[in-house]
$ cat entry_16.cif   # mmCIF, C-alpha atoms
data_input
#
loop_
_atom_site.label_atom_id
_atom_site.label_comp_id
_atom_site.auth_asym_id
_atom_site.auth_seq_id
_atom_site.Cartn_x
_atom_site.Cartn_y
_atom_site.Cartn_z
CA MET A 1 119.46 107.10 123.09
CA ALA A 2 120.15 109.47 125.95
CA TYR A 3 117.83 112.21 127.09
CA THR A 4 119.16 115.73 126.85
CA GLU A 5 119.84 117.71 130.01
CA LYS A 6 116.75 119.84 129.49
CA VAL A 7 114.52 116.78 129.28
CA ILE A 8 116.07 115.32 132.42
CA ASP A 9 115.68 118.63 134.23
CA HIS A 10 111.97 118.81 133.39
CA TYR A 11 111.54 115.16 134.22
CA GLU A 12 113.22 115.40 137.60
CA ASN A 13 111.76 118.78 138.50
CA PRO A 14 108.53 118.98 136.54
CA ARG A 15 106.99 122.47 136.63
CA ASN A 16 103.33 122.98 137.37
CA VAL A 17 102.34 119.43 138.20
CA GLY A 18 98.86 119.24 139.66
CA SER A 19 95.34 120.14 138.80
CA LEU A 20 92.94 123.08 138.77
CA ASP A 21 89.24 123.14 139.56
CA LYS A 22 87.72 121.46 136.53
CA SER A 23 84.27 122.93 137.18
CA SER A 24 85.39 126.57 137.28
CA THR A 25 84.32 128.60 134.23
CA SER A 26 87.76 130.20 134.04
CA VAL A 27 89.47 126.79 133.77
CA GLY A 28 89.86 124.79 130.59
CA THR A 29 90.86 121.11 130.65
CA GLY A 30 92.44 119.10 127.86
CA LEU A 31 93.12 115.40 128.03
CA VAL A 32 94.83 113.74 125.09
CA GLY A 33 96.30 110.33 124.43
CA ALA A 34 99.00 109.16 122.04
CA PRO A 35 97.89 106.41 119.67
CA GLU A 36 101.47 105.19 119.30
CA CYS A 37 102.37 104.42 122.88
CA GLY A 38 99.49 104.92 125.30
CA ASP A 39 100.91 108.07 126.88
CA VAL A 40 98.18 110.27 128.33
CA MET A 41 98.47 113.93 129.18
CA LYS A 42 96.12 116.22 131.07
CA LEU A 43 96.72 119.95 130.80
CA GLN A 44 94.65 122.69 132.40
CA VAL A 45 94.65 126.45 131.97
CA GLU A 46 93.15 129.18 134.11
CA VAL A 47 92.30 132.22 132.04
CA ASP A 48 91.65 135.81 133.04
CA PRO A 49 88.38 136.53 131.22
CA GLN A 50 89.18 140.27 130.86
CA THR A 51 92.69 140.10 129.48
CA ARG A 52 92.53 136.54 128.07
CA VAL A 53 95.88 135.91 129.71
CA ILE A 54 96.60 132.43 131.03
CA ARG A 55 97.12 133.06 134.74
CA ASP A 56 97.95 129.51 135.69
CA ALA A 57 98.59 126.17 134.05
CA LYS A 58 98.87 122.67 135.50
CA PHE A 59 99.54 119.26 134.02
CA LYS A 60 99.73 115.62 134.86
CA THR A 61 101.19 113.13 132.42
CA PHE A 62 101.53 109.38 132.44
CA GLY A 63 104.23 108.59 129.97
CA CYS A 64 107.90 108.65 129.16
CA GLY A 65 110.43 111.30 130.11
CA SER A 66 109.93 113.18 126.84
CA ALA A 67 106.17 113.32 127.30
CA ILE A 68 106.56 114.64 130.83
CA ALA A 69 109.19 117.17 129.76
CA SER A 70 107.08 118.31 126.78
CA SER A 71 104.03 118.97 128.94
CA SER A 72 106.08 120.55 131.72
CA LEU A 73 107.67 122.92 129.21
CA ALA A 74 104.28 123.62 127.63
CA THR A 75 102.79 124.80 130.93
CA GLU A 76 105.85 126.91 131.59
CA TRP A 77 105.55 128.58 128.19
CA ILE A 78 101.83 129.30 128.19
CA LYS A 79 101.71 130.89 131.64
CA GLY A 80 101.42 134.66 131.23
CA LYS A 81 100.62 134.36 127.53
CA THR A 82 97.31 135.26 125.95
CA ILE A 83 95.13 132.49 124.55
CA GLU A 84 96.09 133.51 121.04
CA GLN A 85 99.81 133.46 121.80
CA ALA A 86 99.51 130.05 123.45
CA LEU A 87 97.64 128.65 120.46
CA ALA A 88 100.51 129.76 118.23
CA ILE A 89 102.94 127.40 119.98
CA LYS A 90 103.92 124.58 117.63
CA ASN A 91 105.16 121.15 118.51
CA THR A 92 108.32 121.93 116.55
CA ASP A 93 109.11 124.71 119.07
CA ILE A 94 109.06 122.07 121.80
CA VAL A 95 111.16 119.66 119.72
CA GLU A 96 113.79 122.37 119.26
CA GLU A 97 113.85 123.50 122.87
CA LEU A 98 114.20 119.94 124.21
CA SER A 99 116.22 118.56 121.26
CA LEU A 100 113.84 115.62 120.99
CA PRO A 101 114.94 112.80 118.67
CA PRO A 102 112.61 111.79 115.80
CA ILE A 103 111.06 108.86 117.68
CA LYS A 104 109.98 111.24 120.45
CA ILE A 105 108.39 113.86 118.24
CA HIS A 106 104.94 112.47 118.95
CA CYS A 107 105.40 113.56 122.59
CA SER A 108 105.64 117.17 121.47
CA VAL A 109 102.61 116.71 119.21
CA LEU A 110 100.75 115.47 122.25
CA ALA A 111 101.74 118.58 124.23
CA GLU A 112 100.61 120.91 121.42
CA ASP A 113 97.30 119.03 121.19
CA ALA A 114 96.88 119.27 124.96
CA ILE A 115 97.32 123.07 124.90
CA LYS A 116 94.77 123.35 122.09
CA ALA A 117 92.33 121.00 123.79
CA ALA A 118 92.56 122.88 127.11
CA ILE A 119 92.05 126.28 125.50
CA GLY A 120 89.30 124.84 123.30
CA ASP A 121 87.54 123.60 126.41
CA TYR A 122 87.84 127.03 128.06
CA LEU A 123 86.44 128.76 124.98
CA LYS A 124 83.60 126.28 124.69
CA LYS A 125 82.69 126.79 128.35
CA ASN A 126 82.53 130.50 127.70
CA GLY A 127 80.46 130.24 124.58
CA GLU A 128 83.16 131.09 122.08
CA GLY A 129 83.16 127.87 120.11
CA ASN A 130 86.30 126.14 118.94
CA PRO A 131 89.29 127.92 117.48
CA ALA A 132 90.35 126.74 114.05
CA GLY A 133 92.68 123.79 114.04
CA GLU A 134 91.76 122.61 117.49
CA ALA A 135 92.39 118.95 118.17
CA LYS A 136 89.25 117.06 118.99
CA MET B 1 72.46 116.89 75.59
CA ARG B 2 73.80 115.22 72.48
CA SER B 3 77.40 116.23 73.06
CA GLY B 4 77.15 114.90 76.60
CA LEU B 5 76.19 111.53 75.25
CA VAL B 6 79.13 111.52 72.85
CA ALA B 7 81.45 112.31 75.73
CA VAL B 8 80.18 109.33 77.65
CA VAL B 9 80.67 107.02 74.69
CA LEU B 10 84.19 108.33 74.09
CA ALA B 11 85.12 108.06 77.73
CA SER B 12 84.09 104.43 77.84
CA ARG B 13 86.01 103.51 74.72
CA PRO B 14 89.59 103.24 76.07
CA GLU B 15 88.37 100.77 78.63
CA THR B 16 86.93 98.51 75.95
CA ALA B 17 90.17 98.70 74.00
CA ASP B 18 92.15 97.97 77.15
CA SER B 19 90.18 94.91 78.03
CA GLN B 20 91.09 93.28 74.70
CA LEU B 21 94.29 91.73 75.95
CA LEU B 22 96.59 90.02 73.50
CA CYS B 23 99.27 87.45 74.22
CA VAL B 24 102.74 89.04 74.24
CA ASN B 25 104.08 85.96 72.47
CA CYS B 26 101.54 84.91 69.82
CA GLN B 27 99.10 87.88 69.80
CA ALA B 28 96.13 85.59 70.42
CA LEU B 29 93.25 87.05 72.36
CA LEU B 30 93.76 86.25 76.07
CA GLN B 31 90.15 86.55 77.14
CA GLY B 32 88.45 83.23 77.50
CA ALA B 33 91.64 81.37 78.38
CA LYS B 34 91.20 78.97 81.26
CA LEU B 35 93.99 80.61 83.23
CA PHE B 36 93.25 84.19 82.19
CA PRO B 37 95.07 86.53 82.65
CA HIS B 38 98.10 84.46 83.60
CA LEU B 39 98.70 82.17 80.65
CA CYS B 40 97.85 82.42 76.96
CA GLY B 41 95.21 79.84 76.07
CA ALA B 42 96.70 79.36 72.60
CA CYS B 43 100.47 79.06 73.17
CA GLY B 44 100.68 78.67 76.98
CA PHE B 45 103.06 81.61 77.33
CA PRO B 46 103.07 83.21 80.83
CA GLN B 47 102.01 86.84 80.50
CA PRO B 48 103.85 89.74 82.10
CA LEU B 49 102.14 91.44 85.04
CA ARG B 50 99.93 94.24 83.79
CA GLU B 51 98.98 97.50 85.42
CA GLY B 52 95.80 97.24 87.45
CA GLU B 53 96.27 93.63 88.48
CA ASN B 54 95.80 93.24 92.22
CA SER B 55 95.64 90.51 94.84
CA PHE B 56 91.98 89.88 94.07
CA SER B 57 92.15 89.85 90.29
CA LEU B 58 95.25 87.61 90.41
CA LEU B 59 93.24 84.92 92.16
CA GLY B 60 90.13 85.62 90.12
CA VAL B 61 87.92 86.72 92.99
CA ARG B 62 85.91 89.88 93.61
CA PRO B 63 87.30 92.52 95.97
CA LEU B 64 85.00 91.83 98.92
CA PHE B 65 85.50 90.92 102.57
CA GLY B 66 83.78 87.57 102.33
CA GLN B 67 86.04 85.11 100.55
CA ASP B 68 85.50 81.41 99.97
CA GLU B 69 88.58 79.83 101.47
CA SER B 70 88.29 76.53 99.63
CA PHE B 71 87.87 78.32 96.31
CA LEU B 72 90.95 80.46 97.03
CA ARG B 73 92.97 77.39 97.92
CA ALA B 74 91.88 75.45 94.86
CA ARG B 75 92.61 78.39 92.57
CA PHE B 76 95.99 78.97 94.20
CA TYR B 77 97.08 75.34 93.71
CA GLU B 78 95.77 75.32 90.17
CA LEU B 79 97.80 78.44 89.35
CA SER B 80 100.87 77.15 91.19
CA ARG B 81 100.88 74.00 89.10
CA ALA B 82 100.44 75.85 85.81
CA LEU B 83 102.81 78.74 86.50
CA HIS B 84 105.56 77.16 88.56
CA PRO B 85 108.95 78.46 87.32
CA ASP B 86 110.26 74.86 87.12
CA ARG B 87 107.90 74.29 84.22
CA PHE B 88 109.68 77.06 82.34
CA ALA B 89 113.24 76.11 83.30
CA ALA B 90 114.15 75.31 79.71
CA ALA B 91 111.79 77.82 78.10
CA ASP B 92 112.29 81.28 76.64
CA PRO B 93 113.94 83.45 79.37
CA ARG B 94 111.07 85.92 79.04
CA ALA B 95 108.59 83.17 79.81
CA ARG B 96 110.67 82.10 82.78
CA HIS B 97 110.92 85.66 84.01
CA ASN B 98 107.15 86.18 83.69
CA SER B 99 106.36 82.98 85.52
CA ILE B 100 108.65 83.91 88.42
CA GLU B 101 107.22 87.41 88.61
CA ARG B 102 103.64 86.20 88.41
CA MET B 103 104.09 83.34 90.85
CA SER B 104 105.66 85.55 93.50
CA ARG B 105 102.80 88.04 93.22
CA ILE B 106 100.28 85.20 93.41
CA ASN B 107 101.98 83.79 96.51
CA GLU B 108 101.77 87.20 98.10
CA ALA B 109 98.13 87.62 97.06
CA TYR B 110 97.17 84.24 98.50
CA ARG B 111 98.89 85.08 101.78
CA SER B 112 97.05 88.38 102.08
CA LEU B 113 93.60 87.06 101.18
CA ARG B 114 93.47 84.05 103.44
CA ASP B 115 94.24 86.08 106.55
CA ARG B 116 91.33 88.19 107.74
CA LYS B 117 93.43 91.06 109.00
CA LEU B 118 95.58 91.21 105.89
CA LEU B 119 92.51 90.89 103.65
CA ARG B 120 91.06 93.96 105.34
CA GLU B 121 94.25 95.95 104.79
CA THR B 122 94.52 94.79 101.19
CA LEU B 123 90.95 95.78 100.43
CA LEU B 124 91.25 99.17 102.14
CA SER B 125 94.42 100.00 100.28
CA LEU B 126 92.91 98.82 96.98
CA PHE B 127 90.11 101.34 97.49
CA GLU B 128 92.63 103.83 98.86
CA VAL B 129 90.78 104.30 102.11
CA GLY B 130 93.01 105.66 104.85
CA GLU B 131 96.58 104.59 105.34
CA SER B 132 97.40 101.47 107.21
CA VAL B 133 97.26 102.26 110.87
CA THR B 134 100.97 102.04 111.38
CA ALA B 135 101.62 104.46 108.53
CA LEU B 136 99.63 107.22 110.21
CA GLY B 137 102.15 109.99 110.76
CA ASN B 138 102.11 112.73 113.32
CA SER B 139 100.64 115.24 110.89
CA ALA B 140 97.54 113.14 110.43
CA ARG B 141 97.03 112.87 114.14
CA ALA B 142 95.11 116.07 114.69
CA GLN B 143 92.60 115.29 111.93
CA LYS B 144 91.93 111.66 112.47
CA GLY B 145 94.71 109.87 114.30
CA ALA B 146 93.87 111.08 117.80
CA PRO B 147 92.60 108.25 119.96
CA PRO B 148 89.07 108.41 121.36
CA VAL B 149 88.98 110.88 124.26
CA GLU B 150 86.81 108.61 126.37
CA LEU B 151 89.34 105.79 126.26
CA ALA B 152 92.27 108.10 126.91
CA GLU B 153 90.38 109.51 129.88
CA SER B 154 89.66 106.17 131.49
CA TRP B 155 93.28 105.13 130.97
CA PHE B 156 94.40 108.35 132.65
CA GLU B 157 92.01 107.85 135.54
CA LEU B 158 93.17 104.28 136.04
CA GLN B 159 96.79 105.34 136.40
CA ASP B 160 95.77 108.18 138.68
CA ALA B 161 93.83 105.76 140.90
CA VAL B 162 96.65 103.24 140.94
CA MET B 163 99.07 105.91 142.12
CA ASP B 164 96.71 107.21 144.78
CA ASP B 165 95.86 103.87 146.27
CA PRO B 166 98.17 100.96 145.41
CA ASN B 167 96.06 98.61 147.55
CA THR B 168 93.11 98.60 145.19
CA ALA B 169 95.35 98.75 142.11
CA GLN B 170 94.98 95.09 141.15
CA THR B 171 91.19 95.21 141.21
CA LYS B 172 91.06 98.42 139.22
CA ILE B 173 93.47 97.13 136.61
CA LEU B 174 91.43 93.97 136.22
CA GLU B 175 88.25 95.99 135.78
CA PHE B 176 89.93 98.18 133.21
CA GLU B 177 91.22 95.16 131.30
CA LYS B 178 87.73 93.72 131.28
CA SER B 179 86.29 96.93 129.89
CA LEU B 180 88.97 96.93 127.20
CA GLN B 181 88.09 93.38 126.24
CA PHE B 182 84.41 94.31 126.11
CA LYS B 183 85.16 97.24 123.81
CA ARG B 184 87.40 95.09 121.65
CA HIS B 185 84.60 92.61 121.22
CA ALA B 186 82.11 95.39 120.40
CA PHE B 187 84.50 96.74 117.75
CA ASP B 188 84.82 93.28 116.20
CA ILE B 189 81.05 93.05 115.87
CA LEU B 190 80.81 96.56 114.41
CA MET B 191 83.52 95.77 111.91
CA THR B 192 81.84 92.53 110.82
CA GLU B 193 78.62 94.48 110.28
CA GLN B 194 80.31 97.09 108.12
CA GLU B 195 82.06 94.39 106.11
CA ALA B 196 78.71 92.74 105.46
CA LEU B 197 77.25 96.09 104.36
CA PHE B 198 80.11 96.57 101.93
CA ASP B 199 79.76 93.07 100.49
CA VAL B 200 75.98 93.37 100.13
CA SER B 201 76.48 96.67 98.25
CA GLU B 202 78.75 94.75 95.84
CA GLY B 203 81.64 96.99 96.77
CA GLN B 204 79.78 100.29 96.28
CA ASP B 205 79.43 101.31 99.92
CA ARG B 206 82.48 103.48 100.50
CA VAL B 207 81.09 104.82 103.76
CA ALA B 208 81.37 101.31 105.17
CA LEU B 209 85.04 101.25 104.17
CA LEU B 210 85.68 104.58 105.90
CA GLU B 211 83.92 103.29 108.97
CA ILE B 212 86.06 100.15 108.97
CA SER B 213 89.22 102.18 108.71
CA ARG B 214 88.05 104.36 111.63
CA ILE B 215 87.28 101.29 113.75
CA LEU B 216 90.69 99.85 112.89
CA ARG B 217 92.37 102.95 114.33
CA GLU B 218 90.41 102.61 117.56
CA VAL B 219 91.26 98.92 117.74
CA SER B 220 94.91 99.74 117.27
CA TYR B 221 94.72 102.17 120.21
CA LEU B 222 92.96 99.52 122.28
CA ASP B 223 95.73 97.05 121.48
CA SER B 224 98.38 99.54 122.53
CA LEU B 225 96.48 100.02 125.81
CA PHE B 226 96.46 96.26 126.38
CA ARG B 227 100.25 96.32 126.10
CA ASP B 228 100.51 99.33 128.41
CA VAL B 229 98.32 97.71 131.04
CA LEU B 230 100.65 94.71 130.98
CA ARG B 231 103.61 97.00 131.49
CA LEU B 232 101.79 98.80 134.29
CA LYS B 233 101.27 95.47 136.04
CA GLU B 234 104.92 94.55 135.69
CA ARG B 235 105.93 97.93 136.99
CA LEU B 236 103.76 98.02 140.09
CA GLY B 237 106.17 98.13 142.92
CA GLY B 238 108.60 100.17 140.85
CA SER B 239 108.11 103.84 140.12
CA PRO B 240 104.60 104.22 138.69
CA PHE B 241 105.50 107.60 137.23
CA LEU B 242 107.84 106.20 134.61
CA GLY B 243 106.18 105.27 131.37
CA SER B 244 107.12 103.46 128.24
CA GLY B 245 106.89 106.47 125.95
#

$ encode --input "entry_16.cif" --output "structure tokens"
Amino acid sequence: MAYTEKVIDHYENPRNVGSLDKSSTSVGTGLVGAPECGDVMKLQVEVDPQTRVIRDAKFKTFGCGSAIASSSLATEWIKGKTIEQALAIKNTDIVEELSLPPIKIHCSVLAEDAIKAAIGDYLKKNGEGNPAGEAK
Amino acid sequence: MRSGLVAVVLASRPETADSQLLCVNCQALLQGAKLFPHLCGACGFPQPLREGENSFSLLGVRPLFGQDESFLRARFYELSRALHPDRFAAADPRARHNSIERMSRINEAYRSLRDRKLLRETLLSLFEVGESVTALGNSARAQKGAPPVELAESWFELQDAVMDDPNTAQTKILEFEKSLQFKRHAFDILMTEQEALFDVSEGQDRVALLEISRILREVSYLDSLFRDVLRLKERLGGSPFLGSG
């Protein structure tokens, strides 16, 4: 199975690799692992408390090309979006954008979970509790 | 009050009727036959498989985790001798068909009850607790399939550390492997405890079953990490950024 051009592009030039200050109250961190293959993904968001817009997003992923591309794309998409808009992103959106084959769908699920976990962490830090449907 | 009692009596009736099994060949009552429910005690006709028969009932044992291996073996050989299709080579085709069908299910049942891992799966699926770990689809992941965060975190940190400082990589990987083995061992003990609880409760303790199925998922993640650590070792020297996916 060959990776699509978009996957290769994200894999070779991943956007937003790195990390943000975990201890900052405006930063939320999500770390999720895939039960199927041992891929692990860390995704962080920095949120403007006034506007609830995600000012910055960083990720680091240990995994296959699809997992890296999925998380790279996820950070690209959520930057500039509000928390609510980011939470509305579905793994199927990622599957479509990257044309992931069925055996790589779990990579997109991982990316969706990472977004939700990062935002959930931000909300928890700021006393807002967990949004519905957040991955533990 | 009174009508409630009637309802209970009525509800229990079909079961009583059901348990009166008759031979498909001679209509004799099957209960009490030495090889119930496989062969008719009166005419020796092999009975067709009936709904509700499972790996445990086929071998005449209770659906519990603790099984007496020598009893299972003895029962299996006894049934094999009595039901072997060769014995019915010249018999009524229906009898032959039943013996083949029954014997293949009994073979399967014996295989799944003498292996501890398979016994666990068989029992969990009999009580419809969880799916087998491999059957867990993506949709189930968010609710219950997500691996323990703590484990995922330490696996992430290990890879991070290995990338940062390849010189200490070997030591760190060894430490991580050791911690995985320790956890694996702890899970085995936990699982044995829950199995004992279930058996002591005579199969009533469903919470124990749920707990076992949860532990099994964690164990399956641990096992996948063992494989990934092996791959990481093989890969050291290559690009550490590329994973198995």

$ residues_around --input "entry_16.cif" --residues "Leu64 of chain B" --least-positions-apart "2" --cutoff "8 Å" --atoms "all atoms listed in the file" --output "list in words"
Arg62, Gly66, Gln67, Leu123, Phe198, Asp199, Glu202 and Gly203 of chain B

$ residues_around --input "entry_16.cif" --residues "segment 67-77 of chain A" --least-positions-apart "6" --cutoff "6 Å" --atoms "only C-alpha atoms" --output "PyMOL selection string"
chain A and resi 7+10-11+14-15+57+61+107-108+111

$ resolve_selection --input "entry_16.cif" --expression "the PyMOL selection byres ((chain B and resi 164-173) around 10)" --output "JSON, numbers by chain"
{"B": [155, 158, 159, 160, 161, 162, 163, 174, 175, 176, 177, 178, 179, 229, 230, 232, 233, 236, 237, 240]}

$ write_last_selection --input "entry_16.cif" --atoms "C-alpha atoms" --output "mmCIF file, in the coordinates of the input"
data_model
loop_
_atom_site.group_PDB
_atom_site.id
_atom_site.type_symbol
_atom_site.label_atom_id
_atom_site.label_comp_id
_atom_site.auth_asym_id
_atom_site.auth_seq_id
_atom_site.Cartn_x
_atom_site.Cartn_y
_atom_site.Cartn_z
ATOM 1 C CA TRP B 155 93.280 105.130 130.970
ATOM 2 C CA LEU B 158 93.170 104.280 136.040
ATOM 3 C CA GLN B 159 96.790 105.340 136.400
ATOM 4 C CA ASP B 160 95.770 108.180 138.680
ATOM 5 C CA ALA B 161 93.830 105.760 140.900
ATOM 6 C CA VAL B 162 96.650 103.240 140.940
ATOM 7 C CA MET B 163 99.070 105.910 142.120
ATOM 8 C CA LEU B 174 91.430 93.970 136.220
ATOM 9 C CA GLU B 175 88.250 95.990 135.780
ATOM 10 C CA PHE B 176 89.930 98.180 133.210
ATOM 11 C CA GLU B 177 91.220 95.160 131.300
ATOM 12 C CA LYS B 178 87.730 93.720 131.280
ATOM 13 C CA SER B 179 86.290 96.930 129.890
ATOM 14 C CA VAL B 229 98.320 97.710 131.040
ATOM 15 C CA LEU B 230 100.650 94.710 130.980
ATOM 16 C CA LEU B 232 101.790 98.800 134.290
ATOM 17 C CA LYS B 233 101.270 95.470 136.040
ATOM 18 C CA LEU B 236 103.760 98.020 140.090
ATOM 19 C CA GLY B 237 106.170 98.130 142.920
ATOM 20 C CA PRO B 240 104.600 104.220 138.690
#

$ atom_distance --input "entry_16.cif" --atom1 "atom CA of Gln194 of chain B" --atom2 "atom CA of Ile212 of chain B"
6.6 Å

$ resolve_selection --input "entry_16.cif" --expression "the PyMOL selection byres ((chain A) within 6 of (chain B))" --output "PyMOL selection string"
chain A and resi 33+35+37-38+63-64+135

$ write_last_selection --input "entry_16.cif" --atoms "C-alpha atoms" --output "PDB file, keeping the file's coordinate frame"
ATOM      1  CA  GLY A  33      96.300 110.330 124.430  1.00  0.00           C
ATOM      2  CA  PRO A  35      97.890 106.410 119.670  1.00  0.00           C
ATOM      3  CA  CYS A  37     102.370 104.420 122.880  1.00  0.00           C
ATOM      4  CA  GLY A  38      99.490 104.920 125.300  1.00  0.00           C
ATOM      5  CA  GLY A  63     104.230 108.590 129.970  1.00  0.00           C
ATOM      6  CA  CYS A  64     107.900 108.650 129.160  1.00  0.00           C
ATOM      7  CA  ALA A 135      92.390 118.950 118.170  1.00  0.00           C
TER       8      ALA A 135
END

$ resolve_selection --input "entry_16.cif" --expression "the PyMOL selection byres ((chain B and resi 71-76) around 9)" --output "PDB file with C-alpha atoms, in the coordinates of the input"
ATOM      1  CA  LEU B  59      93.240  84.920  92.160  1.00  0.00           C
ATOM      2  CA  GLY B  60      90.130  85.620  90.120  1.00  0.00           C
ATOM      3  CA  VAL B  61      87.920  86.720  92.990  1.00  0.00           C
ATOM      4  CA  GLN B  67      86.040  85.110 100.550  1.00  0.00           C
ATOM      5  CA  ASP B  68      85.500  81.410  99.970  1.00  0.00           C
ATOM      6  CA  GLU B  69      88.580  79.830 101.470  1.00  0.00           C
ATOM      7  CA  SER B  70      88.290  76.530  99.630  1.00  0.00           C
ATOM      8  CA  TYR B  77      97.080  75.340  93.710  1.00  0.00           C
ATOM      9  CA  GLU B  78      95.770  75.320  90.170  1.00  0.00           C
ATOM     10  CA  LEU B  79      97.800  78.440  89.350  1.00  0.00           C
ATOM     11  CA  SER B  80     100.870  77.150  91.190  1.00  0.00           C
ATOM     12  CA  ARG B  81     100.880  74.000  89.100  1.00  0.00           C
ATOM     13  CA  ILE B 106     100.280  85.200  93.410  1.00  0.00           C
ATOM     14  CA  ASN B 107     101.980  83.790  96.510  1.00  0.00           C
ATOM     15  CA  TYR B 110      97.170  84.240  98.500  1.00  0.00           C
ATOM     16  CA  LEU B 113      93.600  87.060 101.180  1.00  0.00           C
ATOM     17  CA  ARG B 114      93.470  84.050 103.440  1.00  0.00           C
TER      18      ARG B 114
END

$ closest_residue --input "entry_16.cif" --among "B:Pro37, B:Gly44, B:Gly52, B:Pro63" --to "Phe88 of chain B" --atoms "all atoms listed in the file"
B:Gly44

$ atom_distance --input "entry_16.cif" --atom1 "atom CA of Met41 of chain A" --atom2 "atom CA of Ile78 of chain A"
15.8 Å

$ axis_aligned_box --input "entry_16.cif" --around "segment 47-57 of chain B" --padding-each-side "5 Å" --output "AutoDock Vina command-line options"
--center_x 97.9 --center_y 92.2 --center_z 87.7 --size_x 21.9 --size_y 20.7 --size_z 24.3

$ atom_distance --input "entry_16.cif" --atom1 "atom CA of Leu87 of chain A" --atom2 "atom CA of Ile119 of chain A"
7.9 Å

$ closest_residue --input "entry_16.cif" --among "A:Val95, A:Val109, A:Ala86, A:Leu20" --to "Glu36 of chain A" --atoms "all atoms listed in the file"
A:Val109

$ closest_residue --input "entry_16.cif" --among "A:Lys81, A:Gly65, A:Gly30, A:Ala118" --to "Asn13 of chain A" --atoms "all atoms listed in the file"
A:Gly65

$ closest_residue --input "entry_16.cif" --among "A:Leu100, A:Ile94, A:Ala88, A:Val45" --to "Leu123 of chain A" --atoms "only C-alpha atoms"
A:Val45

$ closest_residue --input "entry_16.cif" --among "A:His106, A:Lys90, A:Val53, A:Tyr122" --to "Ser24 of chain A" --atoms "all atoms listed in the file"
A:Tyr122

$ closest_residue --input "entry_16.cif" --among "A:Gly18, A:Pro49, A:Gly127, A:Pro102" --to "Ile83 of chain A" --atoms "all atoms listed in the file"
A:Pro49

$ build_atoms --input "entry_16.cif" --residues "segment 154-164 of chain B" --atoms "N, CA, C and O atoms" --output "PDB file, in the coordinates of the input"
ATOM      1  N   SER B 154      89.747 107.259 130.512  1.00  0.00           N
ATOM      2  CA  SER B 154      89.660 106.170 131.490  1.00  0.00           C
ATOM      3  C   SER B 154      91.038 105.582 131.768  1.00  0.00           C
ATOM      4  O   SER B 154      91.325 105.156 132.880  1.00  0.00           O
ATOM      5  N   TRP B 155      91.894 105.595 130.777  1.00  0.00           N
ATOM      6  CA  TRP B 155      93.280 105.130 130.970  1.00  0.00           C
ATOM      7  C   TRP B 155      94.024 106.063 131.905  1.00  0.00           C
ATOM      8  O   TRP B 155      94.787 105.636 132.776  1.00  0.00           O
ATOM      9  N   PHE B 156      93.787 107.363 131.764  1.00  0.00           N
ATOM     10  CA  PHE B 156      94.400 108.350 132.650  1.00  0.00           C
ATOM     11  C   PHE B 156      93.914 108.147 134.080  1.00  0.00           C
ATOM     12  O   PHE B 156      94.701 108.095 135.025  1.00  0.00           O
ATOM     13  N   GLU B 157      92.594 108.002 134.206  1.00  0.00           N
ATOM     14  CA  GLU B 157      92.010 107.850 135.540  1.00  0.00           C
ATOM     15  C   GLU B 157      92.502 106.577 136.233  1.00  0.00           C
ATOM     16  O   GLU B 157      92.741 106.577 137.432  1.00  0.00           O
ATOM     17  N   LEU B 158      92.667 105.525 135.451  1.00  0.00           N
ATOM     18  CA  LEU B 158      93.170 104.280 136.040  1.00  0.00           C
ATOM     19  C   LEU B 158      94.549 104.498 136.659  1.00  0.00           C
ATOM     20  O   LEU B 158      94.804 104.127 137.799  1.00  0.00           O
ATOM     21  N   GLN B 159      95.418 105.139 135.891  1.00  0.00           N
ATOM     22  CA  GLN B 159      96.790 105.340 136.400  1.00  0.00           C
ATOM     23  C   GLN B 159      96.798 106.263 137.599  1.00  0.00           C
ATOM     24  O   GLN B 159      97.569 106.097 138.537  1.00  0.00           O
ATOM     25  N   ASP B 160      95.911 107.260 137.558  1.00  0.00           N
ATOM     26  CA  ASP B 160      95.770 108.180 138.680  1.00  0.00           C
ATOM     27  C   ASP B 160      95.357 107.392 139.931  1.00  0.00           C
ATOM     28  O   ASP B 160      95.949 107.542 140.988  1.00  0.00           O
ATOM     29  N   ALA B 161      94.353 106.539 139.768  1.00  0.00           N
ATOM     30  CA  ALA B 161      93.830 105.760 140.900  1.00  0.00           C
ATOM     31  C   ALA B 161      94.882 104.800 141.433  1.00  0.00           C
ATOM     32  O   ALA B 161      95.013 104.623 142.643  1.00  0.00           O
ATOM     33  N   VAL B 162      95.630 104.196 140.528  1.00  0.00           N
ATOM     34  CA  VAL B 162      96.650 103.240 140.940  1.00  0.00           C
ATOM     35  C   VAL B 162      97.737 103.928 141.765  1.00  0.00           C
ATOM     36  O   VAL B 162      98.253 103.392 142.740  1.00  0.00           O
ATOM     37  N   MET B 163      98.065 105.167 141.368  1.00  0.00           N
ATOM     38  CA  MET B 163      99.070 105.910 142.120  1.00  0.00           C
ATOM     39  C   MET B 163      98.552 106.322 143.490  1.00  0.00           C
ATOM     40  O   MET B 163      99.271 106.291 144.476  1.00  0.00           O
ATOM     41  N   ASP B 164      97.284 106.732 143.528  1.00  0.00           N
ATOM     42  CA  ASP B 164      96.710 107.210 144.780  1.00  0.00           C
ATOM     43  C   ASP B 164      96.575 106.089 145.802  1.00  0.00           C
ATOM     44  O   ASP B 164      96.821 106.284 146.976  1.00  0.00           O
TER      45      ASP B 164
END
